[in-house]
Amino acid sequence: MTRLGAISLVVPDYDEAIAFFAGPMGFILTEDVDLGAGKRWIRVVPPTGGTGFILARAEGATQRAAIGAQGGGRVWLFLETDDFDRDAARMTAGGVVFEEAPRHEPYGRVAVFRDPWGNRWDLIEPASAG
């Protein structure tokens with residue numbers, strides 16, 4: 001059996017990223033290991049488990065240029081919820097800005113937001129969840 005264990009997300013600062021994910025996103029910090037030389041192994045996962053992120057601090061110009069652009073300007077991260085209103089309210093209270101009002105699509109209720117670094121996400125309540 002295989003599964004997608006984690007996705008590496010390039011960020012400018014470890015602690016800033018932890019604050020965002022553990023704050024308005026509601027994720028859980030499951031690992032924060034000092035690897036020496038200023039590097040850390042940091043994993044955050046959604047509260048229900050599943051695939052999480054390894055937060056990778058950018059090193060060098062090429063990696064710094066990738067911050068917020070890993071999806072090439074497209075929505076590339078999809079956060080599913082069983083209660084859109086609850087999670088959108090928590091996120092908004094924590095400073096997350098949605099690009100649009102929620103809309104209904106055949107696959108569910110959805111709205112696009114950006115994280116602090118410019119990555120575009122969908123918050124989705126799947127049609128089967130409501």
# chains A, B, ... in the order shown; residues from 1 in each chain; ligands from 1
call {"tool": "closest_atom_pairs", "arguments": {"of": "segment 17-70 of chain A", "to": "segment 116-121 of chain A", "cutoff": "9 Å", "atoms": "only C-alpha atoms", "output": "CSV"}}
result
residue,atom,partner,partner_atom,distance
A:Ala17,CA,A:Pro116,CA,8.7
A:Phe20,CA,A:Pro116,CA,8.0
A:Ile67,CA,A:Trp117,CA,6.4
A:Gly68,CA,A:Gly118,CA,4.4
A:Ala69,CA,A:Asn119,CA,6.3
A:Gln70,CA,A:Asn119,CA,7.2
call {"tool": "residues_around", "arguments": {"residues": "segment 77-81 of chain A", "least_positions_apart": "6", "cutoff": "6 Å", "atoms": "only C-alpha atoms", "output": "list in words"}}
result
Trp121, Asp122, Leu123, Ile124 and Glu125 of chain A
call {"tool": "residues_around", "arguments": {"residues": "Phe84 of chain A", "least_positions_apart": "2", "cutoff": "12 Å", "atoms": "only C-alpha atoms", "output": "list in words"}}
result
Leu79, Glu80, Thr81, Asp82, Arg86, Asp87, Ala88, Ala89, Arg90, Met91, Thr92, Ala101, Pro102, Arg103, His104, Gly108, Arg109, Val110, Ala111, Asp122, Leu123, Ile124, Glu125, Pro126, Ala127, Ala129 and Gly130 of chain A
call {"tool": "atom_distance", "arguments": {"atom1": "atom CA of Thr51 of chain A", "atom2": "atom CA of Ala65 of chain A"}}
result
24.8 Å
